[in-house]
Amino acid sequence: MNLQATNPVPDSLLLQARAGNRQAFAALVRQHQGSVFSVGLRMLSRRDAAEDLAQDVFLQLYRKLDSIESLEHLGFWLRRVAANLAIDWLRRLPYSATQPLEEGAEVAVQDPDSDPLMSRELTRLLGELAPHPRAVMLLRYQEDQDVAEIAAALDMPVNTVKSHIKRSLTTLRGRMIGAKLIDCEELT
Amino acid sequence: MKPPNSNEHFEDGLRRALRPVDAPDGFTERLMRALPADAKPVLVSSSGAPRARARQFGIPAALAASLLVAVMLGKHVAVEREQLAEQQGREASLELMRALRLTSEKLDIAYQAVQSPPPAGAEENRS
């Protein structure tokens, strides 16, 4: 859906949604659902759980629209709630804490420049990280957030975020080398 | 795609692998059906600033309501005290009347005892 064509001023979309306009709220959902669903999918490793999580996040948003100040704040709020909710679910539900993505949950992006095998393996290995470092890596590399934003979203010190990123990169690279998907001699 | 053989390349590979995917078809429609049908998320005034309005009118209204409650409560306490004092006064008055009546009865008995002549046998016994 081309939102810019129907809603040239994005902030007005938020205002309309806050005023009770359900179509405006639906448009906001369409703008952000991919991001929220992807966080859920890569955290929980199941499509059904990811959809439940995304629904929960947007229902919470609907109730909290009054507190959203801008579209930028909206993006931050959604990432924060999705990641923390997923960590919470992983704590309470045993099904996917260390479980790699199920077969039906293929989430590797179809990109002409990318190696599908490499992408699939990286995604699978990410699913083997513990919940907190997994959330950090998703916010860093899926959502392109900087360290300070990740720290704010996950309520953790900046140094902890840096440490999670460093350790996770080392782990992932090590496993990729183990799977002979990258050459250890070429690593810097 | 180049193999992720350096830090930078590895991180690029990770970014490509972790690009957001689409939500399932019909996600928005299912979500909209799950929303409460009747409620708006928040009542927004035409000025679009519900919090400002709340700040503008909410605090004085709350103060006025508190003042009204305090006045009503004070009045109620005063009336109760007055009623209590009245009741205590009535009880004291009844008590006094009872005491006066008893005193009067005792005086009557004493007066009758003084006024009545002594029995005849009593004089003879004395002599």
# chains A, B, ... in the order shown; residues from 1 in each chain; ligands from 1
>>> residues_around(residues="B:Glu11", least_positions_apart="3", cutoff="12 Å", atoms="only C-alpha atoms", output="ChimeraX atom specification")
/A:119,122,137-138,140-142,144,165-166,168-170,172-173 /B:2-8,14-18
>>> write_last_selection(atoms="C-alpha atoms", output="PDB file, in the first residue's frame")
ATOM      1  CA  SER A 119      21.561 -15.694   4.831  1.00  0.00           C
ATOM      2  CA  LEU A 122      23.063 -16.573   9.709  1.00  0.00           C
ATOM      3  CA  MET A 137      21.537  -8.192  17.430  1.00  0.00           C
ATOM      4  CA  LEU A 138      18.089  -7.809  15.869  1.00  0.00           C
ATOM      5  CA  ARG A 140      21.324  -3.545  15.645  1.00  0.00           C
ATOM      6  CA  TYR A 141      21.273  -5.353  12.301  1.00  0.00           C
ATOM      7  CA  GLN A 142      17.582  -5.674  11.411  1.00  0.00           C
ATOM      8  CA  ASP A 144      19.665  -0.498  12.254  1.00  0.00           C
ATOM      9  CA  ILE A 165      27.238  -7.297  20.050  1.00  0.00           C
ATOM     10  CA  LYS A 166      30.932  -8.153  20.263  1.00  0.00           C
ATOM     11  CA  SER A 168      27.522 -12.442  19.440  1.00  0.00           C
ATOM     12  CA  LEU A 169      29.538 -11.460  16.364  1.00  0.00           C
ATOM     13  CA  THR A 170      32.403 -13.638  17.581  1.00  0.00           C
ATOM     14  CA  LEU A 172      28.288 -16.230  14.877  1.00  0.00           C
ATOM     15  CA  ARG A 173      31.554 -15.933  12.965  1.00  0.00           C
TER      16      ARG A 173
ATOM     17  CA  LYS B   2      30.907 -11.463  -0.983  1.00  0.00           C
ATOM     18  CA  PRO B   3      31.581 -13.996   1.736  1.00  0.00           C
ATOM     19  CA  PRO B   4      31.546 -12.354   5.159  1.00  0.00           C
ATOM     20  CA  ASN B   5      35.277 -12.653   5.582  1.00  0.00           C
ATOM     21  CA  SER B   6      35.960  -9.419   7.440  1.00  0.00           C
ATOM     22  CA  ASN B   7      34.189  -7.623  10.227  1.00  0.00           C
ATOM     23  CA  GLU B   8      32.594  -5.224   7.823  1.00  0.00           C
ATOM     24  CA  LEU B  14      24.086 -10.012   8.766  1.00  0.00           C
ATOM     25  CA  ARG B  15      22.184  -6.880   7.758  1.00  0.00           C
ATOM     26  CA  ARG B  16      21.140  -8.489   4.479  1.00  0.00           C
ATOM     27  CA  ALA B  17      20.105 -11.690   6.217  1.00  0.00           C
ATOM     28  CA  LEU B  18      18.086  -9.810   8.798  1.00  0.00           C
TER      29      LEU B  18
END
>>> residues_around(residues="A:Leu44", least_positions_apart="3", cutoff="7 Å", atoms="only C-alpha atoms", output="PyMOL selection string")
chain A and resi 40-41+49-50+86+96
>>> write_last_selection(atoms="N, CA and C atoms", output="compact mmCIF listing (two decimals), in the first residue's frame")
# COMPACT_ATOMS: atom_id res chain seq x y z
N GLY A 40 9.45 -10.44 16.08
CA GLY A 40 8.79 -11.59 16.72
C GLY A 40 9.25 -12.91 16.12
N LEU A 41 9.33 -12.96 14.80
CA LEU A 41 9.69 -14.21 14.12
C LEU A 41 11.12 -14.63 14.47
N ALA A 49 3.58 -17.76 16.61
CA ALA A 49 3.91 -16.98 17.81
C ALA A 49 4.26 -15.55 17.43
N ALA A 50 4.96 -15.40 16.30
CA ALA A 50 5.35 -14.05 15.86
C ALA A 50 4.12 -13.21 15.54
N ALA A 86 8.94 -10.15 23.48
CA ALA A 86 9.49 -11.42 22.99
C ALA A 86 10.42 -12.04 24.04
N SER A 96 10.92 -22.10 22.53
CA SER A 96 11.87 -21.71 21.51
C SER A 96 13.08 -20.94 22.02
